[in-house]
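Below is one structure; the comments refer to it alone.
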Amino acid sequence: MSKSIRWLAGCAVLFVLAWAAAAGAADVRVPVSPVDEEVSAQVVVDGAVLFRVRGTSAFPAEKRAQLIAERIVGLAADPRFKREDLRIDESQPGVVQVMAGTTRVMALYAADAELEGVDARTLATTVVHRVGEVLEAWRHDRLPATLVRNGLYAVGATLALGLGLWVGALLMRRWRRFTEQRIGTRIHDLKVFGFRVLGARQMWAVLTSVLNLLWFAAVLVALHVYLGSVLLLFPWTRGFAIDLIALVVKPLRTFALGLVAALPDLIFLVVLFILVRYALKLIKHFFDHVGAGRLTLADFEPDWALPTYRLVKVLLIAIAAAVAYPYIPGSDSDAFKGMSLLLGVIVSLGSSSVIGNIIAGYTMTYRRVFKLGDRVRIGEYIGDIH
């Protein structure tokens, strides 16, 4: 089996799993937050989410959250400001203000407290504590000593990654040679009841593909851990690191949930495939005996064995496809139905003459117009039927 064929087979398997996971994920009920995402926004400083705030049509939530974040950063950048200067002001009715000395950091309304399910006073106390923590973290992350230490960590992580990839590649090459010398020569065809289920070369190709896939996955995981860890060390790239982690974790979570949801259907499809495969092998074995004359049937010519087997094979596959269709993940989606309809129309338009020729050929076969060994003339050509 060539590398291109193994590559295409691996891509096909990944595509089927991704399709199954995506289709299964559509049926997974994900809890929906009661917070209306369109009228609220997160206040983020250095990638850390402090809290959420509401907005209005005149003052959108995103703009309000950005303004609050800029005020907090401005306070953190001011060396004269101390955390103890944060206080709560309730002098105005219907609003609780978080003040930094004489400067207002933000105003909390009933709608903001509704997001957290608490009263405005309790929320203001939490906000003061959270802002104080962010102020100290912002200043600590920008200290020269902290930046130098984190820079050394980043250099060490880079060297460790390079060394790990080099050692891993070396071990993989040695492992491939070891498996090829010790295991590859001991792999034989897998047979069940005399039928060859999987060839030795195919089994070795599958084993090699699995090893390559594991190595590729290990490299991707190492790169992701490295980038996430290094980018988290510096405040200017911390937000990107958090987004990078979420970018990978969210699809993996969706994929896992979808795969778990589609797992019973996938198991049914695998069992059905195995049953149909062995049923076809048994039927072919039966008709091979009939065609060879080792088994005789009343009013059934041995020459009919091969074409009859082909008809039974097509019929069995069609029945299996009809049984499997409802269990294919995503089969109830409009996209899947539209694709199936389009393929059906294409096959119908392009195979009319082929089907006519097949029917004519089977008609001549079962009417015994020609037999093996007959000499026939078709136009200006003369030949024997073998």
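Just so we're on the same page: first chain in the structure tokens is A, next is B, and so on; residues restart at 1 for each chain, and ligands are numbered from 1 in the order they show up.
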
Please list as a PyMOL selection string every residue within 8 Å of range 305-317 of chain A, counting only C-alpha atoms and excluding residues in the same chain fewer than 3 positions away. chain A and resi 276+280+283-284+287-288+290-291+301-302+320-321+362

Can those selected residues be exported to a file as a compact mmCIF listing (two decimals), in the first residue's frame so that it contains all heavy atoms?
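Result file is out_14.txt:
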# COMPACT_ATOMS: atom_id res chain seq x y z
N VAL A 276 -22.66 -7.47 7.03
CA VAL A 276 -22.86 -7.49 5.57
C VAL A 276 -21.61 -8.03 4.88
O VAL A 276 -21.71 -8.78 3.90
CB VAL A 276 -23.21 -6.07 5.08
CG1 VAL A 276 -23.22 -6.01 3.55
CG2 VAL A 276 -24.56 -5.64 5.61
N LEU A 280 -21.71 -11.35 2.56
CA LEU A 280 -21.29 -11.37 1.16
C LEU A 280 -20.23 -12.44 0.93
O LEU A 280 -20.22 -13.10 -0.14
CB LEU A 280 -20.76 -9.99 0.76
CG LEU A 280 -21.81 -8.88 0.64
CD1 LEU A 280 -21.13 -7.54 0.37
CD2 LEU A 280 -22.80 -9.20 -0.47
N ILE A 283 -22.07 -15.77 0.85
CA ILE A 283 -22.85 -15.90 -0.38
C ILE A 283 -21.93 -16.16 -1.57
O ILE A 283 -22.23 -16.99 -2.44
CB ILE A 283 -23.70 -14.63 -0.61
CG1 ILE A 283 -24.76 -14.52 0.49
CG2 ILE A 283 -24.35 -14.64 -1.98
CD1 ILE A 283 -25.53 -13.23 0.46
N LYS A 284 -20.79 -15.44 -1.63
CA LYS A 284 -19.84 -15.67 -2.73
C LYS A 284 -19.28 -17.09 -2.66
O LYS A 284 -19.11 -17.76 -3.70
CB LYS A 284 -18.71 -14.65 -2.65
CG LYS A 284 -17.74 -14.73 -3.84
CD LYS A 284 -16.69 -13.65 -3.75
CE LYS A 284 -15.83 -13.64 -5.01
NZ LYS A 284 -15.19 -14.95 -5.28
N PHE A 287 -21.99 -19.41 -4.09
CA PHE A 287 -22.13 -19.36 -5.55
C PHE A 287 -20.87 -19.83 -6.26
O PHE A 287 -20.94 -20.30 -7.41
CB PHE A 287 -22.50 -17.94 -6.00
CG PHE A 287 -23.96 -17.62 -5.84
CD1 PHE A 287 -24.38 -16.77 -4.83
CD2 PHE A 287 -24.91 -18.19 -6.67
CE1 PHE A 287 -25.73 -16.48 -4.67
CE2 PHE A 287 -26.25 -17.91 -6.52
CZ PHE A 287 -26.67 -17.04 -5.50
N ASP A 288 -19.69 -19.71 -5.62
CA ASP A 288 -18.47 -20.29 -6.21
C ASP A 288 -18.60 -21.80 -6.32
O ASP A 288 -18.19 -22.40 -7.33
CB ASP A 288 -17.26 -19.92 -5.37
CG ASP A 288 -16.84 -18.47 -5.57
OD1 ASP A 288 -17.29 -17.87 -6.58
OD2 ASP A 288 -16.11 -17.93 -4.72
N VAL A 290 -21.45 -23.41 -6.52
CA VAL A 290 -22.46 -23.69 -7.55
C VAL A 290 -21.85 -23.55 -8.94
O VAL A 290 -22.07 -24.37 -9.83
CB VAL A 290 -23.66 -22.73 -7.38
CG1 VAL A 290 -24.65 -22.91 -8.55
CG2 VAL A 290 -24.37 -23.01 -6.06
N GLY A 291 -21.07 -22.49 -9.15
CA GLY A 291 -20.46 -22.28 -10.46
C GLY A 291 -19.45 -23.35 -10.82
O GLY A 291 -19.29 -23.69 -12.00
N GLU A 301 -28.62 -23.30 -13.71
CA GLU A 301 -27.42 -23.59 -14.46
C GLU A 301 -26.18 -23.04 -13.74
O GLU A 301 -26.24 -21.95 -13.15
CB GLU A 301 -27.50 -22.99 -15.86
CG GLU A 301 -28.64 -23.51 -16.69
CD GLU A 301 -28.44 -24.98 -17.07
OE1 GLU A 301 -27.27 -25.43 -17.08
OE2 GLU A 301 -29.43 -25.67 -17.33
N PRO A 302 -25.07 -23.76 -13.78
CA PRO A 302 -23.84 -23.24 -13.16
C PRO A 302 -23.39 -21.91 -13.74
O PRO A 302 -22.76 -21.11 -13.04
CB PRO A 302 -22.82 -24.35 -13.42
CG PRO A 302 -23.64 -25.60 -13.60
CD PRO A 302 -24.90 -25.15 -14.27
N ALA A 320 -28.79 -2.98 3.04
CA ALA A 320 -27.95 -2.51 4.15
C ALA A 320 -27.86 -0.99 4.18
O ALA A 320 -27.89 -0.37 5.24
CB ALA A 320 -26.55 -3.12 4.03
N ALA A 321 -27.77 -0.37 2.99
CA ALA A 321 -27.71 1.09 2.93
C ALA A 321 -29.01 1.71 3.42
O ALA A 321 -29.00 2.73 4.12
CB ALA A 321 -27.42 1.54 1.49
N TYR A 362 -28.24 -9.41 -18.66
CA TYR A 362 -28.81 -10.42 -17.77
C TYR A 362 -29.95 -11.19 -18.46
O TYR A 362 -30.14 -12.38 -18.21
CB TYR A 362 -29.31 -9.77 -16.48
CG TYR A 362 -28.25 -9.66 -15.43
CD1 TYR A 362 -27.49 -8.51 -15.27
CD2 TYR A 362 -27.98 -10.73 -14.58
CE1 TYR A 362 -26.50 -8.41 -14.31
CE2 TYR A 362 -27.00 -10.65 -13.61
CZ TYR A 362 -26.25 -9.49 -13.48
OH TYR A 362 -25.28 -9.41 -12.54

So which residues touch Ala41 in chain A within 12 Å, counting only C-alpha atoms, skipping near sequence neighbours fewer than 2 positions away, as a ChimeraX atom specification? /A:35-39,43-44,49-56,59-69,112,115

Residues from last step as file, C-alpha atoms, as a PDB file, in the first residue's frame:
ATOM      1  CA  VAL A  35     -27.382  36.348  30.229  1.00  0.00           C
ATOM      2  CA  ASP A  36     -28.231  38.009  26.969  1.00  0.00           C
ATOM      3  CA  GLU A  37     -24.874  38.107  25.190  1.00  0.00           C
ATOM      4  CA  GLU A  38     -26.024  40.889  22.859  1.00  0.00           C
ATOM      5  CA  VAL A  39     -26.638  43.444  25.642  1.00  0.00           C
ATOM      6  CA  VAL A  43     -14.462  43.841  31.166  1.00  0.00           C
ATOM      7  CA  VAL A  44     -11.052  42.382  30.291  1.00  0.00           C
ATOM      8  CA  VAL A  49     -12.135  38.711  32.705  1.00  0.00           C
ATOM      9  CA  LEU A  50     -13.166  40.850  35.675  1.00  0.00           C
ATOM     10  CA  PHE A  51     -16.959  40.954  35.343  1.00  0.00           C
ATOM     11  CA  ARG A  52     -19.754  41.665  32.881  1.00  0.00           C
ATOM     12  CA  VAL A  53     -21.656  44.910  32.383  1.00  0.00           C
ATOM     13  CA  ARG A  54     -24.882  45.814  30.671  1.00  0.00           C
ATOM     14  CA  GLY A  55     -25.310  48.298  27.873  1.00  0.00           C
ATOM     15  CA  THR A  56     -27.994  50.370  26.190  1.00  0.00           C
ATOM     16  CA  PHE A  59     -24.131  53.359  25.261  1.00  0.00           C
ATOM     17  CA  PRO A  60     -23.373  49.799  23.979  1.00  0.00           C
ATOM     18  CA  ALA A  61     -22.034  47.212  26.398  1.00  0.00           C
ATOM     19  CA  GLU A  62     -18.779  46.743  24.437  1.00  0.00           C
ATOM     20  CA  LYS A  63     -17.978  50.466  24.575  1.00  0.00           C
ATOM     21  CA  ARG A  64     -18.834  50.647  28.273  1.00  0.00           C
ATOM     22  CA  ALA A  65     -16.682  47.620  29.084  1.00  0.00           C
ATOM     23  CA  GLN A  66     -13.763  49.053  27.103  1.00  0.00           C
ATOM     24  CA  LEU A  67     -14.046  52.408  28.884  1.00  0.00           C
ATOM     25  CA  ILE A  68     -14.041  50.729  32.308  1.00  0.00           C
ATOM     26  CA  ALA A  69     -11.012  48.628  31.359  1.00  0.00           C
ATOM     27  CA  ASP A 112     -25.704  45.049  36.271  1.00  0.00           C
ATOM     28  CA  LEU A 115     -26.504  39.691  35.736  1.00  0.00           C
TER      29      LEU A 115
END

Near Val219 in chain A, within 12 Å and counting only C-alpha atoms, which residues show up once chain neighbours fewer than 6 positions away are dropped, as an MDAnalysis selection string? chainID A and resid 161:162 164:169 172 212:213 225:226

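For the pair CA of Ala318 in chain A and CA of Asp265 in chain A, the interatomic distance is 18.7 Å.
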
Residues within 12 Å of range 231-238 of chain A, only C-alpha atoms, excluding chain neighbours under 6 positions, as an mmCIF file with N, CA, C and O atoms, in the first residue's frame:
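Now in out36.cif:
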data_model
loop_
_atom_site.group_PDB
_atom_site.id
_atom_site.type_symbol
_atom_site.label_atom_id
_atom_site.label_comp_id
_atom_site.auth_asym_id
_atom_site.auth_seq_id
_atom_site.Cartn_x
_atom_site.Cartn_y
_atom_site.Cartn_z
ATOM 1 N N VAL A 44 -12.262 43.215 30.371
ATOM 2 C CA VAL A 44 -11.052 42.382 30.291
ATOM 3 C C VAL A 44 -9.824 43.270 30.441
ATOM 4 O O VAL A 44 -9.698 44.298 29.758
ATOM 5 N N VAL A 45 -8.906 42.852 31.311
ATOM 6 C CA VAL A 45 -7.623 43.530 31.497
ATOM 7 C C VAL A 45 -6.533 42.468 31.462
ATOM 8 O O VAL A 45 -6.552 41.525 32.260
ATOM 9 N N ASP A 46 -5.596 42.605 30.520
ATOM 10 C CA ASP A 46 -4.504 41.638 30.354
ATOM 11 C C ASP A 46 -5.025 40.216 30.181
ATOM 12 O O ASP A 46 -4.457 39.250 30.713
ATOM 13 N N GLY A 47 -6.097 40.070 29.458
ATOM 14 C CA GLY A 47 -6.653 38.747 29.194
ATOM 15 C C GLY A 47 -7.511 38.182 30.293
ATOM 16 O O GLY A 47 -8.152 37.142 30.104
ATOM 17 N N ALA A 48 -7.550 38.826 31.458
ATOM 18 C CA ALA A 48 -8.353 38.343 32.591
ATOM 19 C C ALA A 48 -9.721 39.004 32.570
ATOM 20 O O ALA A 48 -9.824 40.229 32.449
ATOM 21 N N VAL A 49 -10.765 38.201 32.686
ATOM 22 C CA VAL A 49 -12.135 38.711 32.705
ATOM 23 C C VAL A 49 -12.482 39.102 34.139
ATOM 24 O O VAL A 49 -12.445 38.267 35.054
ATOM 25 N N VAL A 134 -6.593 43.088 40.305
ATOM 26 C CA VAL A 134 -6.081 43.323 38.957
ATOM 27 C C VAL A 134 -5.030 44.428 38.959
ATOM 28 O O VAL A 134 -4.024 44.354 38.233
ATOM 29 N N ALA A 137 -1.828 42.845 40.196
ATOM 30 C CA ALA A 137 -1.286 41.912 39.202
ATOM 31 C C ALA A 137 -0.710 42.663 38.005
ATOM 32 O O ALA A 137 0.342 42.290 37.466
ATOM 33 N N TRP A 138 -1.382 43.748 37.570
ATOM 34 C CA TRP A 138 -0.911 44.544 36.429
ATOM 35 C C TRP A 138 0.469 45.123 36.724
ATOM 36 O O TRP A 138 1.368 45.093 35.881
ATOM 37 N N ARG A 139 0.649 45.655 37.906
ATOM 38 C CA ARG A 139 1.933 46.256 38.255
ATOM 39 C C ARG A 139 3.016 45.193 38.445
ATOM 40 O O ARG A 139 4.164 45.377 38.025
ATOM 41 N N HIS A 140 2.655 44.065 39.059
ATOM 42 C CA HIS A 140 3.637 43.003 39.304
ATOM 43 C C HIS A 140 4.135 42.411 37.995
ATOM 44 O O HIS A 140 5.342 42.110 37.855
ATOM 45 N N ASP A 141 3.245 42.226 37.032
ATOM 46 C CA ASP A 141 3.638 41.617 35.758
ATOM 47 C C ASP A 141 4.575 42.492 34.948
ATOM 48 O O ASP A 141 5.253 42.001 34.040
ATOM 49 N N ARG A 142 4.625 43.782 35.253
ATOM 50 C CA ARG A 142 5.466 44.709 34.482
ATOM 51 C C ARG A 142 6.721 45.140 35.236
ATOM 52 O O ARG A 142 7.447 46.022 34.752
ATOM 53 N N LEU A 143 6.971 44.532 36.369
ATOM 54 C CA LEU A 143 8.219 44.805 37.072
ATOM 55 C C LEU A 143 9.395 44.254 36.275
ATOM 56 O O LEU A 143 9.296 43.166 35.683
ATOM 57 N N PRO A 144 10.517 44.958 36.215
ATOM 58 C CA PRO A 144 11.684 44.445 35.471
ATOM 59 C C PRO A 144 12.104 43.048 35.914
ATOM 60 O O PRO A 144 12.444 42.202 35.077
ATOM 61 N N THR A 146 10.247 40.698 37.166
ATOM 62 C CA THR A 146 9.268 39.722 36.683
ATOM 63 C C THR A 146 9.463 39.451 35.195
ATOM 64 O O THR A 146 9.409 38.297 34.741
ATOM 65 N N LEU A 147 9.684 40.511 34.411
ATOM 66 C CA LEU A 147 9.865 40.344 32.964
ATOM 67 C C LEU A 147 11.134 39.558 32.660
ATOM 68 O O LEU A 147 11.132 38.699 31.758
ATOM 69 N N VAL A 148 12.227 39.830 33.415
ATOM 70 C CA VAL A 148 13.471 39.084 33.185
ATOM 71 C C VAL A 148 13.276 37.606 33.524
ATOM 72 O O VAL A 148 13.701 36.709 32.775
ATOM 73 N N ARG A 149 12.627 37.343 34.664
ATOM 74 C CA ARG A 149 12.397 35.945 35.060
ATOM 75 C C ARG A 149 11.529 35.216 34.034
ATOM 76 O O ARG A 149 11.839 34.088 33.623
ATOM 77 N N ASN A 150 10.450 35.848 33.603
ATOM 78 C CA ASN A 150 9.584 35.211 32.618
ATOM 79 C C ASN A 150 10.287 35.040 31.277
ATOM 80 O O ASN A 150 10.037 34.069 30.548
ATOM 81 N N GLY A 151 11.172 36.010 30.926
ATOM 82 C CA GLY A 151 11.944 35.860 29.697
ATOM 83 C C GLY A 151 12.862 34.654 29.751
ATOM 84 O O GLY A 151 12.998 33.909 28.771
ATOM 85 N N LEU A 152 13.491 34.428 30.914
ATOM 86 C CA LEU A 152 14.328 33.236 31.075
ATOM 87 C C LEU A 152 13.498 31.961 30.996
ATOM 88 O O LEU A 152 13.931 30.953 30.411
ATOM 89 N N TYR A 153 12.297 31.999 31.581
ATOM 90 C CA TYR A 153 11.397 30.846 31.465
ATOM 91 C C TYR A 153 11.065 30.559 30.004
ATOM 92 O O TYR A 153 11.018 29.390 29.562
ATOM 93 N N ALA A 154 10.812 31.626 29.231
ATOM 94 C CA ALA A 154 10.471 31.451 27.818
ATOM 95 C C ALA A 154 11.638 30.846 27.040
ATOM 96 O O ALA A 154 11.451 29.951 26.201
ATOM 97 N N VAL A 155 12.853 31.322 27.315
ATOM 98 C CA VAL A 155 14.033 30.759 26.651
ATOM 99 C C VAL A 155 14.202 29.290 27.027
ATOM 100 O O VAL A 155 14.479 28.425 26.177
ATOM 101 N N ALA A 157 11.864 27.224 28.005
ATOM 102 C CA ALA A 157 10.792 26.447 27.373
ATOM 103 C C ALA A 157 11.092 26.207 25.897
ATOM 104 O O ALA A 157 10.819 25.121 25.363
ATOM 105 N N THR A 158 11.671 27.208 25.226
ATOM 106 C CA THR A 158 12.009 27.055 23.810
ATOM 107 C C THR A 158 13.092 25.995 23.626
ATOM 108 O O THR A 158 12.999 25.141 22.723
ATOM 109 N N LEU A 223 3.508 21.745 20.762
ATOM 110 C CA LEU A 223 3.526 23.118 20.263
ATOM 111 C C LEU A 223 2.450 23.969 20.924
ATOM 112 O O LEU A 223 2.681 25.135 21.275
ATOM 113 N N HIS A 224 1.270 23.383 21.106
ATOM 114 C CA HIS A 224 0.189 24.145 21.724
ATOM 115 C C HIS A 224 0.508 24.466 23.187
ATOM 116 O O HIS A 224 0.282 25.598 23.652
ATOM 117 N N VAL A 225 1.030 23.472 23.909
ATOM 118 C CA VAL A 225 1.399 23.713 25.316
ATOM 119 C C VAL A 225 2.503 24.752 25.400
ATOM 120 O O VAL A 225 2.480 25.646 26.270
ATOM 121 N N LEU A 244 -6.004 31.447 22.295
ATOM 122 C CA LEU A 244 -5.436 30.276 21.630
ATOM 123 C C LEU A 244 -5.854 28.998 22.332
ATOM 124 O O LEU A 244 -6.205 28.000 21.677
ATOM 125 N N ILE A 245 -5.834 29.019 23.650
ATOM 126 C CA ILE A 245 -6.260 27.841 24.405
ATOM 127 C C ILE A 245 -7.738 27.551 24.162
ATOM 128 O O ILE A 245 -8.135 26.403 23.928
#

Residue list (alpha helix (DSSP H), DSSP) for range 119-368 of chain A, as a PyMOL selection string: chain A and resi 120-141+144-178+200-232+238-292+305-324+334-350+352-366

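If you look at CA of His129 in chain A and CA of Ile72 in chain A, they are 12.7 Å away from each other.
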
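The spacing separating CA of Tyr325 in chain A from CA of Lys337 in chain A amounts to 10.7 Å.
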